[in-house]
$ cat run_9.txt   # compact mmCIF, C-alpha atoms and all ligand atoms
# COMPACT_ATOMS: atom_id res chain seq x y z
CA MET F 764 33.78 -47.05 -52.94
CA ALA F 765 37.02 -46.22 -51.15
CA LYS F 766 36.43 -44.32 -47.92
CA LYS F 767 38.35 -41.10 -47.40
CA ILE F 768 40.07 -40.94 -44.03
CA LEU F 769 41.60 -37.70 -42.81
CA VAL F 770 44.30 -38.31 -40.19
CA LEU F 771 44.95 -35.44 -37.77
CA ALA F 772 47.55 -36.63 -35.27
CA GLY F 773 48.04 -33.34 -33.39
CA ASP F 774 50.34 -32.85 -30.43
CA GLY F 775 52.15 -34.70 -27.64
CA VAL F 776 51.34 -38.41 -27.64
CA GLY F 777 48.75 -37.77 -30.41
CA PRO F 778 51.18 -38.62 -33.25
CA GLU F 779 52.47 -41.68 -31.33
CA VAL F 780 49.09 -43.31 -30.71
CA THR F 781 47.66 -42.23 -34.07
CA ALA F 782 50.54 -43.88 -35.93
CA ALA F 783 49.76 -47.06 -33.96
CA ALA F 784 46.06 -46.83 -34.80
CA GLU F 785 46.82 -46.25 -38.48
CA ILE F 786 49.03 -49.37 -38.59
CA VAL F 787 46.20 -51.48 -37.17
CA LEU F 788 43.64 -49.87 -39.48
CA ARG F 789 45.74 -50.46 -42.60
CA ALA F 790 46.36 -54.07 -41.56
CA ILE F 791 42.66 -54.80 -41.15
CA LEU F 792 41.62 -52.96 -44.34
CA GLU F 793 44.19 -54.91 -46.32
CA ARG F 794 43.12 -58.27 -44.90
CA HIS F 795 39.50 -57.61 -45.78
CA GLY F 796 40.07 -56.04 -49.20
CA LEU F 797 38.63 -52.70 -48.13
CA ALA F 798 39.84 -49.62 -49.95
CA ALA F 799 40.60 -46.34 -48.25
CA ILE F 800 42.32 -43.11 -49.17
CA PHE F 801 44.37 -41.57 -46.37
CA GLU F 802 45.12 -37.87 -46.10
CA HIS F 803 47.18 -36.27 -43.33
CA ALA F 804 47.22 -32.71 -42.02
CA LEU F 805 48.34 -30.65 -39.05
CA VAL F 806 46.06 -29.76 -36.18
CA GLY F 807 46.40 -28.14 -32.76
CA GLY F 808 49.66 -26.65 -31.52
CA ALA F 809 51.64 -28.17 -34.38
CA CYS F 810 49.33 -26.37 -36.82
CA TYR F 811 49.45 -23.15 -34.79
CA ASP F 812 53.24 -23.07 -34.91
CA ALA F 813 53.19 -23.59 -38.68
CA THR F 814 50.25 -21.34 -39.65
CA GLY F 815 49.07 -19.25 -36.66
CA GLU F 816 45.78 -21.20 -36.55
CA PHE F 817 44.82 -24.40 -34.74
CA ILE F 818 43.25 -25.75 -37.91
CA THR F 819 43.32 -24.19 -41.38
CA ASP F 820 40.40 -23.61 -43.77
CA GLU F 821 42.09 -26.01 -46.18
CA THR F 822 42.09 -28.77 -43.54
CA MET F 823 38.45 -27.98 -42.74
CA ARG F 824 37.73 -28.45 -46.46
CA LEU F 825 39.44 -31.86 -46.34
CA ALA F 826 37.41 -32.71 -43.22
CA HIS F 827 34.13 -31.82 -44.92
CA GLY F 828 35.12 -33.98 -47.90
CA ALA F 829 36.25 -36.99 -45.84
CA ASP F 830 34.08 -39.90 -44.70
CA CYS F 831 35.75 -39.82 -41.34
CA ILE F 832 38.57 -38.37 -39.29
CA LEU F 833 41.12 -40.18 -37.16
CA PHE F 834 42.17 -37.67 -34.52
CA GLY F 835 45.04 -37.89 -32.01
CA SER F 836 45.13 -35.17 -29.42
CA GLU F 837 45.54 -31.44 -29.31
CA GLY F 838 47.24 -29.01 -26.94
CA GLY F 839 50.03 -28.83 -24.41
CA PRO F 840 51.61 -26.38 -21.98
CA LYS F 841 53.23 -24.34 -24.76
CA TRP F 842 49.88 -23.42 -26.31
CA ASP F 843 47.66 -23.62 -23.21
CA GLU F 844 49.54 -20.61 -21.86
CA LEU F 845 48.81 -18.38 -24.87
CA GLU F 846 46.37 -15.66 -23.88
CA LEU F 847 43.98 -16.07 -26.77
CA SER F 848 40.66 -14.37 -27.23
CA GLY F 849 37.96 -15.21 -29.75
CA THR F 850 35.51 -18.03 -30.22
CA PRO F 851 36.15 -21.53 -28.84
CA GLU F 852 36.40 -22.71 -32.46
CA SER F 853 39.24 -20.27 -33.18
CA ARG F 854 41.12 -21.57 -30.13
CA SER F 855 40.88 -25.30 -30.83
CA GLY F 856 40.97 -27.30 -34.05
CA LEU F 857 39.07 -30.10 -32.35
CA ILE F 858 36.24 -27.83 -31.23
CA ARG F 859 35.98 -26.29 -34.70
CA LEU F 860 35.76 -29.76 -36.25
CA ARG F 861 33.10 -30.95 -33.81
CA ARG F 862 31.03 -27.83 -34.29
CA GLU F 863 31.31 -27.29 -38.06
CA LEU F 864 30.75 -30.97 -38.85
CA GLU F 865 27.87 -31.06 -36.33
CA LEU F 866 29.33 -34.09 -34.56
CA PHE F 867 26.96 -33.66 -31.65
CA ALA F 868 26.82 -37.26 -30.40
CA ASN F 869 29.99 -38.36 -28.62
CA LEU F 870 30.04 -42.05 -27.69
CA ARG F 871 32.52 -43.07 -24.99
CA PRO F 872 32.17 -46.81 -24.30
CA ILE F 873 33.17 -47.81 -20.78
CA ARG F 874 34.09 -51.44 -20.31
CA ALA F 875 35.81 -53.49 -17.67
CA LEU F 876 37.79 -56.03 -19.65
CA ASP F 877 38.41 -59.27 -17.74
CA GLU F 878 42.07 -59.05 -18.77
CA LEU F 879 42.49 -55.79 -16.84
CA LEU F 880 40.31 -56.29 -13.76
CA GLU F 881 43.26 -56.68 -11.44
CA PHE F 882 45.03 -53.60 -12.85
CA SER F 883 42.18 -51.16 -12.24
CA THR F 884 42.13 -48.85 -9.25
CA PHE F 885 38.53 -50.09 -8.78
CA ARG F 886 37.82 -53.33 -6.93
CA ALA F 887 37.33 -56.23 -9.34
CA ASP F 888 34.01 -57.28 -7.78
CA VAL F 889 32.65 -53.76 -8.34
CA ILE F 890 33.56 -53.47 -12.01
CA ARG F 891 33.42 -57.02 -13.38
CA GLY F 892 31.11 -57.03 -16.41
CA VAL F 893 30.71 -53.24 -16.65
CA ASP F 894 29.62 -52.26 -20.16
CA PHE F 895 28.02 -48.88 -20.72
CA ILE F 896 28.24 -45.88 -23.01
CA VAL F 897 28.66 -42.30 -21.88
CA LEU F 898 26.85 -40.32 -24.56
CA ARG F 899 28.12 -36.76 -24.32
CA GLU F 900 26.45 -33.83 -26.12
CA LEU F 901 29.32 -32.22 -28.03
CA CYS F 902 28.17 -29.13 -29.89
CA GLY F 903 26.40 -27.03 -27.26
CA GLY F 904 26.21 -26.08 -23.62
CA ILE F 905 28.70 -24.05 -21.65
CA TYR F 906 31.49 -24.70 -24.16
CA PHE F 907 29.80 -22.34 -26.61
CA GLY F 908 27.15 -20.30 -24.77
CA GLU F 909 27.14 -16.50 -25.04
CA PRO F 910 28.02 -14.28 -23.33
CA ARG F 911 31.50 -15.49 -22.56
CA GLY F 912 34.78 -13.75 -21.96
CA ILE F 913 36.76 -11.90 -19.36
CA VAL F 914 35.44 -8.38 -18.80
CA CYS F 915 36.21 -5.48 -16.47
CA THR F 916 33.66 -4.62 -13.80
CA ALA F 917 32.79 -1.11 -12.59
CA ASP F 918 34.94 -1.61 -9.49
CA GLY F 919 37.97 -2.46 -11.62
CA GLN F 920 37.94 -6.25 -11.18
CA GLN F 921 38.14 -8.78 -13.94
CA ARG F 922 35.13 -11.06 -14.33
CA GLY F 923 35.18 -14.38 -16.21
CA ILE F 924 31.90 -15.44 -17.81
CA ASP F 925 30.65 -18.65 -19.37
CA THR F 926 27.03 -19.39 -20.17
CA GLN F 927 25.34 -22.76 -19.99
CA VAL F 928 22.62 -22.86 -22.63
CA TYR F 929 20.63 -25.59 -24.36
CA THR F 930 17.75 -25.30 -26.81
CA GLU F 931 14.94 -27.83 -27.05
CA SER F 932 16.19 -29.09 -30.43
CA GLU F 933 19.73 -29.60 -29.15
CA ILE F 934 18.41 -31.64 -26.23
CA SER F 935 15.97 -33.66 -28.28
CA ARG F 936 18.54 -34.73 -30.88
CA ILE F 937 21.00 -36.03 -28.27
CA ALA F 938 18.14 -37.63 -26.33
CA ARG F 939 16.98 -39.46 -29.47
CA ALA F 940 20.55 -40.65 -30.07
CA GLY F 941 20.61 -41.97 -26.50
CA PHE F 942 17.31 -43.81 -26.84
CA GLU F 943 18.36 -45.25 -30.22
CA LEU F 944 21.57 -46.62 -28.69
CA ALA F 945 19.78 -48.02 -25.65
CA ARG F 946 17.08 -49.62 -27.80
CA PHE F 947 19.64 -52.01 -29.30
CA ARG F 948 21.39 -52.65 -25.98
CA ARG F 949 19.82 -53.35 -22.58
CA ARG F 950 17.06 -50.74 -23.06
CA LYS F 951 18.03 -48.52 -20.18
CA LEU F 952 18.81 -44.82 -20.49
CA THR F 953 20.07 -42.70 -17.61
CA SER F 954 19.90 -38.96 -18.20
CA VAL F 955 22.22 -36.82 -16.10
CA ASP F 956 21.63 -33.13 -15.37
CA LYS F 957 21.62 -30.52 -12.61
CA ALA F 958 17.90 -29.76 -12.76
CA ASN F 959 17.74 -29.02 -9.03
CA VAL F 960 19.76 -25.84 -9.61
CA MET F 961 20.04 -25.00 -13.30
CA GLU F 962 17.30 -23.82 -15.69
CA SER F 963 19.01 -25.55 -18.61
CA GLY F 964 18.82 -28.72 -16.50
CA VAL F 965 15.08 -28.29 -15.94
CA LEU F 966 14.54 -28.04 -19.69
CA TRP F 967 16.95 -30.95 -20.31
CA ARG F 968 14.98 -33.23 -18.00
CA ARG F 969 11.62 -32.15 -19.40
CA VAL F 970 12.63 -32.72 -23.04
CA VAL F 971 14.34 -36.09 -22.41
CA SER F 972 11.25 -37.28 -20.50
CA ARG F 973 8.92 -36.23 -23.30
CA ILE F 974 10.97 -37.92 -26.05
CA GLY F 975 11.09 -41.08 -23.95
CA ARG F 976 7.36 -41.09 -23.26
CA GLU F 977 6.26 -40.27 -26.81
CA GLU F 978 8.85 -42.05 -28.95
CA PHE F 979 10.66 -44.76 -26.96
CA PRO F 980 8.28 -46.29 -24.42
CA GLU F 981 10.22 -49.57 -24.62
CA VAL F 982 13.34 -47.96 -23.09
CA ALA F 983 13.42 -47.54 -19.29
CA LEU F 984 14.45 -43.97 -18.48
CA ASN F 985 15.78 -42.65 -15.19
CA HIS F 986 17.27 -39.30 -14.21
CA LEU F 987 20.19 -38.56 -11.93
CA TYR F 988 21.66 -35.29 -10.72
CA VAL F 989 25.26 -35.10 -11.83
CA ASP F 990 26.77 -35.16 -8.34
CA ASN F 991 24.89 -38.37 -7.55
CA ALA F 992 25.80 -39.77 -11.00
CA ALA F 993 29.51 -39.29 -10.25
CA MET F 994 29.07 -41.19 -7.00
CA GLN F 995 26.98 -43.96 -8.64
CA ILE F 996 29.66 -44.51 -11.32
CA VAL F 997 32.13 -45.26 -8.55
CA ARG F 998 29.68 -47.11 -6.27
CA ASN F 999 27.95 -49.44 -8.72
CA PRO F 1000 28.89 -48.87 -12.37
CA ARG F 1001 27.08 -52.04 -13.52
CA GLN F 1002 23.73 -50.23 -13.18
CA PHE F 1003 24.35 -48.21 -16.37
CA ASP F 1004 23.58 -49.08 -19.98
CA VAL F 1005 23.56 -45.70 -21.78
CA LEU F 1006 24.23 -42.51 -19.81
CA VAL F 1007 23.31 -39.33 -21.72
CA THR F 1008 24.50 -35.96 -20.52
CA ASP F 1009 25.64 -32.50 -21.57
CA ASN F 1010 28.97 -31.34 -22.91
CA LEU F 1011 30.71 -30.39 -19.65
CA PHE F 1012 29.29 -33.14 -17.42
CA GLY F 1013 30.12 -35.71 -20.11
CA ASP F 1014 33.71 -34.51 -20.32
CA ILE F 1015 34.20 -34.95 -16.59
CA LEU F 1016 32.23 -38.15 -15.99
CA SER F 1017 33.91 -39.97 -18.89
CA ASP F 1018 37.46 -39.37 -17.63
CA CYS F 1019 36.34 -40.63 -14.23
CA ALA F 1020 34.60 -43.68 -15.72
CA ALA F 1021 37.68 -44.40 -17.86
CA MET F 1022 39.46 -45.72 -14.79
CA ILE F 1023 37.00 -48.63 -14.73
CA SER F 1024 38.83 -49.87 -17.83
CA GLY F 1025 42.15 -49.55 -16.02
CA SER F 1026 43.48 -46.35 -17.59
CA LEU F 1027 42.40 -43.23 -19.43
CA GLY F 1028 44.66 -44.55 -22.19
CA MET F 1029 42.19 -47.40 -22.84
CA LEU F 1030 39.16 -45.26 -23.66
CA PRO F 1031 38.11 -44.74 -27.32
CA SER F 1032 35.46 -42.43 -28.68
CA ALA F 1033 33.30 -41.78 -31.72
CA SER F 1034 31.80 -38.36 -32.45
CA LEU F 1035 28.91 -38.71 -34.87
CA SER F 1036 26.29 -36.55 -36.50
CA PHE F 1037 24.11 -39.54 -35.69
CA ALA F 1038 21.70 -40.10 -38.50
CA ALA F 1039 19.38 -42.57 -36.73
CA GLY F 1040 19.22 -45.88 -38.52
CA ALA F 1041 21.95 -44.96 -41.04
CA LYS F 1042 24.35 -47.85 -41.50
CA GLU F 1043 27.34 -45.65 -42.36
CA GLN F 1044 27.87 -42.42 -40.47
CA LYS F 1045 30.27 -39.52 -40.83
CA GLY F 1046 32.42 -39.47 -37.75
CA LEU F 1047 35.51 -38.33 -35.91
CA TYR F 1048 37.31 -41.05 -33.97
CA GLU F 1049 39.77 -40.28 -31.20
CA PRO F 1050 41.02 -41.57 -27.88
CA VAL F 1051 39.45 -39.70 -24.97
CA HIS F 1052 42.81 -38.79 -23.44
CA GLY F 1053 44.77 -35.66 -24.27
CA SER F 1054 48.34 -35.02 -25.41
CA ALA F 1055 49.82 -36.37 -22.12
CA PRO F 1056 52.78 -33.95 -22.08
CA ASP F 1057 54.25 -35.75 -19.06
CA ILE F 1058 55.01 -38.88 -21.12
CA ALA F 1059 55.09 -37.54 -24.72
CA GLY F 1060 58.08 -38.30 -26.91
CA ARG F 1061 59.13 -41.43 -25.04
CA GLY F 1062 57.25 -44.04 -27.04
CA ILE F 1063 55.45 -45.37 -23.97
CA ALA F 1064 51.89 -44.07 -24.39
CA ASN F 1065 49.14 -46.66 -24.38
CA PRO F 1066 47.81 -46.80 -27.97
CA ALA F 1067 44.73 -48.91 -27.06
CA GLY F 1068 42.32 -45.96 -26.86
CA ALA F 1069 43.35 -44.86 -30.35
CA ILE F 1070 43.30 -48.44 -31.70
CA LEU F 1071 39.85 -49.10 -30.24
CA SER F 1072 38.72 -45.82 -31.84
CA VAL F 1073 39.64 -47.37 -35.19
CA GLY F 1074 37.31 -50.21 -34.19
CA LEU F 1075 34.51 -47.69 -33.72
CA MET F 1076 35.36 -46.20 -37.14
CA LEU F 1077 34.97 -49.64 -38.72
CA LYS F 1078 31.64 -50.07 -36.94
CA TYR F 1079 30.06 -46.68 -37.56
CA THR F 1080 31.66 -45.32 -40.77
CA PHE F 1081 32.37 -48.60 -42.58
CA GLY F 1082 29.22 -50.27 -41.24
CA ARG F 1083 31.35 -53.27 -40.16
CA ALA F 1084 30.55 -54.11 -36.55
CA ASP F 1085 32.26 -57.47 -37.14
CA LEU F 1086 35.59 -55.75 -37.79
CA CYS F 1087 35.15 -53.62 -34.66
CA ASP F 1088 34.79 -56.90 -32.74
CA GLN F 1089 38.01 -58.13 -34.33
CA VAL F 1090 39.94 -55.06 -33.24
CA GLU F 1091 38.61 -55.45 -29.70
CA HIS F 1092 39.46 -59.13 -29.71
CA ALA F 1093 43.02 -58.36 -30.85
CA VAL F 1094 43.50 -55.73 -28.13
CA ARG F 1095 42.21 -58.15 -25.51
CA THR F 1096 44.46 -60.94 -26.76
CA ALA F 1097 47.50 -58.65 -26.54
CA LEU F 1098 46.52 -57.72 -22.98
CA ALA F 1099 45.84 -61.33 -22.03
CA ASN F 1100 49.36 -62.15 -23.23
CA GLY F 1101 50.69 -59.62 -20.73
CA CYS F 1102 51.46 -56.87 -23.23
CA ARG F 1103 50.61 -53.89 -21.02
CA SER F 1104 51.91 -50.34 -21.24
CA MET F 1105 53.19 -48.34 -18.28
CA ASP F 1106 49.80 -46.83 -17.35
CA LEU F 1107 48.57 -50.41 -16.80
CA GLY F 1108 51.51 -51.34 -14.65
CA GLY F 1109 53.45 -52.99 -17.47
CA ASN F 1110 56.52 -51.99 -19.42
CA ALA F 1111 55.47 -52.55 -23.04
CA THR F 1112 56.20 -49.66 -25.40
CA THR F 1113 53.65 -48.17 -27.79
CA ALA F 1114 55.30 -50.08 -30.64
CA GLN F 1115 55.25 -53.39 -28.75
CA VAL F 1116 51.54 -53.04 -27.93
CA THR F 1117 50.84 -52.18 -31.58
CA ASP F 1118 52.79 -55.18 -32.88
CA ALA F 1119 51.00 -57.47 -30.42
CA VAL F 1120 47.60 -56.18 -31.56
CA VAL F 1121 48.44 -56.64 -35.25
CA ALA F 1122 49.75 -60.14 -34.54
CA ALA F 1123 46.48 -60.98 -32.77
CA LEU F 1124 44.21 -59.88 -35.63
CA ARG F 1125 42.39 -62.97 -36.84
CA PRO F 1126 43.60 -64.30 -40.19
CA VAL F 1127 41.01 -64.02 -42.92
CA LEU F 1128 39.32 -67.36 -43.51
CA ASN F 1129 39.07 -68.65 -47.12
P1 LIG Z 1201 45.75 -35.94 -20.56
O1 LIG Z 1201 44.61 -36.80 -20.93
O2 LIG Z 1201 46.66 -35.54 -21.65
O3 LIG Z 1201 46.63 -36.71 -19.44
C1 LIG Z 1201 46.13 -37.05 -18.15
C2 LIG Z 1201 46.99 -38.14 -17.53
O4 LIG Z 1201 46.74 -39.38 -18.20
C3 LIG Z 1201 48.48 -37.88 -17.67
O5 LIG Z 1201 49.17 -38.32 -16.52
C4 LIG Z 1201 48.89 -38.74 -18.86
O6 LIG Z 1201 50.23 -39.18 -18.84
C5 LIG Z 1201 47.92 -39.91 -18.74
N1 LIG Z 1201 47.63 -40.45 -20.08
C6 LIG Z 1201 46.84 -39.86 -21.01
N2 LIG Z 1201 46.85 -40.60 -22.13
C7 LIG Z 1201 47.64 -41.66 -21.92
C8 LIG Z 1201 48.03 -42.77 -22.71
N3 LIG Z 1201 47.59 -42.95 -23.97
N4 LIG Z 1201 48.88 -43.68 -22.17
C9 LIG Z 1201 49.32 -43.53 -20.91
N5 LIG Z 1201 48.98 -42.51 -20.11
C10 LIG Z 1201 48.14 -41.57 -20.61
O7 LIG Z 1201 45.14 -34.68 -19.81
P2 LIG Z 1201 45.84 -33.30 -19.32
O8 LIG Z 1201 47.20 -33.57 -18.82
O9 LIG Z 1201 44.85 -32.65 -18.50
O10 LIG Z 1201 45.95 -32.44 -20.65
C11 LIG Z 1201 47.14 -32.30 -21.43
C12 LIG Z 1201 46.84 -31.50 -22.71
O11 LIG Z 1201 45.97 -32.25 -23.55
C13 LIG Z 1201 46.13 -30.17 -22.45
O12 LIG Z 1201 46.63 -29.23 -23.37
C14 LIG Z 1201 44.67 -30.47 -22.74
O13 LIG Z 1201 43.95 -29.34 -23.15
C15 LIG Z 1201 44.82 -31.45 -23.88
N6 LIG Z 1201 43.68 -32.38 -24.04
C16 LIG Z 1201 43.36 -32.70 -25.32
C17 LIG Z 1201 42.36 -33.62 -25.56
C18 LIG Z 1201 42.03 -33.97 -26.97
O14 LIG Z 1201 42.74 -33.61 -27.88
N7 LIG Z 1201 40.98 -34.70 -27.22
C19 LIG Z 1201 41.72 -34.25 -24.50
C20 LIG Z 1201 42.09 -33.91 -23.18
C21 LIG Z 1201 43.09 -32.98 -22.97
C1 LIG Z 1202 37.95 -34.06 -24.57
C2 LIG Z 1202 38.87 -32.90 -24.25
C3 LIG Z 1202 38.39 -31.65 -24.96
C4 LIG Z 1202 37.03 -31.24 -24.37
C5 LIG Z 1202 39.34 -30.44 -24.92
C6 LIG Z 1202 40.70 -30.80 -25.40
C7 LIG Z 1202 38.79 -29.31 -25.74
O1 LIG Z 1202 39.00 -32.74 -22.88
O2 LIG Z 1202 37.73 -34.36 -25.76
O3 LIG Z 1202 37.46 -34.71 -23.65
O4 LIG Z 1202 36.96 -30.62 -23.32
O5 LIG Z 1202 36.03 -31.57 -25.01
MN MN Z 1203 38.16 -34.41 -21.72
$ encode --input "run_9.txt" --output "structure tokens" --more "lines below"
Ligand code: NAD
Ligand code: IPM
Ligand code: MN
Amino acid sequence: MAKKILVLAGDGVGPEVTAAAEIVLRAILERHGLAAIFEHALVGGACYDATGEFITDETMRLAHGADCILFGSEGGPKWDELELSGTPESRSGLIRLRRELELFANLRPIRALDELLEFSTFRADVIRGVDFIVLRELCGGIYFGEPRGIVCTADGQQRGIDTQVYTESEISRIARAGFELARFRRRKLTSVDKANVMESGVLWRRVVSRIGREEFPEVALNHLYVDNAAMQIVRNPRQFDVLVTDNLFGDILSDCAAMISGSLGMLPSASLSFAAGAKEQKGLYEPVHGSAPDIAGRGIANPAGAILSVGLMLKYTFGRADLCDQVEHAVRTALANGCRSMDLGGNATTAQVTDAVVAALRPVLN
């Protein structure tokens, strides 16, 4: 059965890196005789300018009908400055997609590739061999909690409100996803919260501990407060295997951890509804970076995060971990040959990196 892939390139460097990722995806599908149907639609600021909404109901219908989504990036100064009210979903196509498709498990794999050790801002001896996953809860927490808004107080001030809230079922489903991932890796799960101050953190820690004790005794679980976790990521990132945390902490810690791989432009992600044990999952695949307005339109963005996201699509939606390995191998070969974009201290353009990756895809044997 042909898979349906909805491509939402978005704003800024989104269309540049998504075009690169689509080229690599089409090349690998063709080589392996895999059929796919591609659909394209507007999202983010580009969609807002055309329709007044950041994603349309029609595009949501396509998203519900697709097997997976390849997403670029959304936003930019032009739209960030709009004074919008309403739900987070009405203010971001990406947030509406995550929430309505229940893509609660966001995998952000952090790796120190040997080819890039000397180009990282981290010391090589600190990061050599790093390989862990930040598992970020994506459909709850302070991004969505009520009440929220900017209100007027009795003394005439404005007051901005956000609410951090997690239910037991939201915590247990992301905890189970974390244990499931760790079970097939090095069997270590680190849960990150702020239980020394926040009630939602107390519940988070209690629920993760219970799931671990009752359902995954073979996985070693430890807990860190988020401030310590930030420091530990910088001090000794090799200690982590799977790091599970909430929506906001995961957003912040993953951008920080991205620098272990040399650049934010290297980091891919998969957002899954995570049916445990299912070989083929519905997912949204996107680089972790944003629209990078400071470099957009110049053809110099690093497409590796988007290309590696295609690898995750092949692994989780196509059930082809072997093809994910091939994409990673091709990216590493391109880097080993010195094809590095500006963020990695090189001068290769987006197109040159893309061509080098395609050239490095292994030929099909037989
Ligand atoms: P950003 O991730 O866009 O950029 C941060 C820095 O990293 C910039 O200096 C940028 O040039 C660099 N960078 C990012 N991607 C790169 C790449 N592929 N190659 C080389 N360098 C790269 O974050 P920001 O500047 O805080 O946000 C810009 C806009 O993007 C905002 O509107 C924000 O809301 C939005 N955003 C969207 C997403 C998303 O769609 N998933 C994620 C983060 C930010
Ligand atoms: C990310 C981004 C998004 C988030 C924004 C663009 C809504 O920063 O995917 O990391 O905060 O989740
Ligand atoms: Mn982010």
$ residues_near_ligand --input "run_9.txt" --ligand "ligand MN 1203 (chain Z)" --cutoff "12 Å" --atoms "all atoms listed in the file" --output "count of residues only"
32
$ residues_near_point --input "run_9.txt" --point "(43.7, -36.3, -42.9)" --cutoff "12 Å" --atoms "only C-alpha atoms" --output "PyMOL selection string"
chain F and resi 766-773+781+785+799-806+818+821-835+1047-1048
$ closest_residue --input "run_9.txt" --among "F:Glu900, F:Asp1004, F:Asp1118, F:Asp1085" --to "Arg874 in chain F" --atoms "only C-alpha atoms"
F:Asp1004
$ residues_around --input "run_9.txt" --residues "Ala940 in chain F" --least-positions-apart "6" --cutoff "9 Å" --atoms "all atoms listed in the file" --output "PyMOL selection string"
chain F and resi 868+898+1007+1037-1039
$ residues_around --input "run_9.txt" --residues "Val889 in chain F" --least-positions-apart "5" --cutoff "8 Å" --atoms "all atoms listed in the file" --output "number ranges by chain"
F: 998-1001
$ closest_residue --input "run_9.txt" --among "F:Gly1109, F:Pro910, F:Pro1056, F:Gly903" --to "Ile934 in chain F" --atoms "only C-alpha atoms"
F:Gly903
$ atom_distance --input "run_9.txt" --atom1 "CA of Gly808 in chain F" --atom2 "CA of Val780 in chain F"
16.7 Å
$ residues_near_point --input "run_9.txt" --point "(33.9, -13.0, -17.3)" --cutoff "7 Å" --atoms "all atoms listed in the file" --output "PyMOL selection string"
chain F and resi 911-914+921-925
$ closest_residue --input "run_9.txt" --among "F:Cys1087, F:Ala1069, F:Ile890, F:Met994" --to "ligand LIG 1201 (chain Z)" --atoms "all atoms listed in the file"
F:Ala1069
$ closest_residue --input "run_9.txt" --among "F:Arg886, F:Lys1045, F:Arg946, F:Arg854" --to "Met1022 in chain F" --atoms "all atoms listed in the file"
F:Arg886
$ closest_residue --input "run_9.txt" --among "F:Gln1002, F:Ser883, F:Thr850, F:Ser972" --to "Glu909 in chain F" --atoms "all atoms listed in the file"
F:Thr850
$ atom_distance --input "run_9.txt" --atom1 "CA of Pro980 in chain F" --atom2 "CA of Lys951 in chain F"
10.9 Å
$ atom_distance --input "run_9.txt" --atom1 "CA of Val897 in chain F" --atom2 "atom O4 of ligand LIG 1202 (chain Z)"
14.4 Å
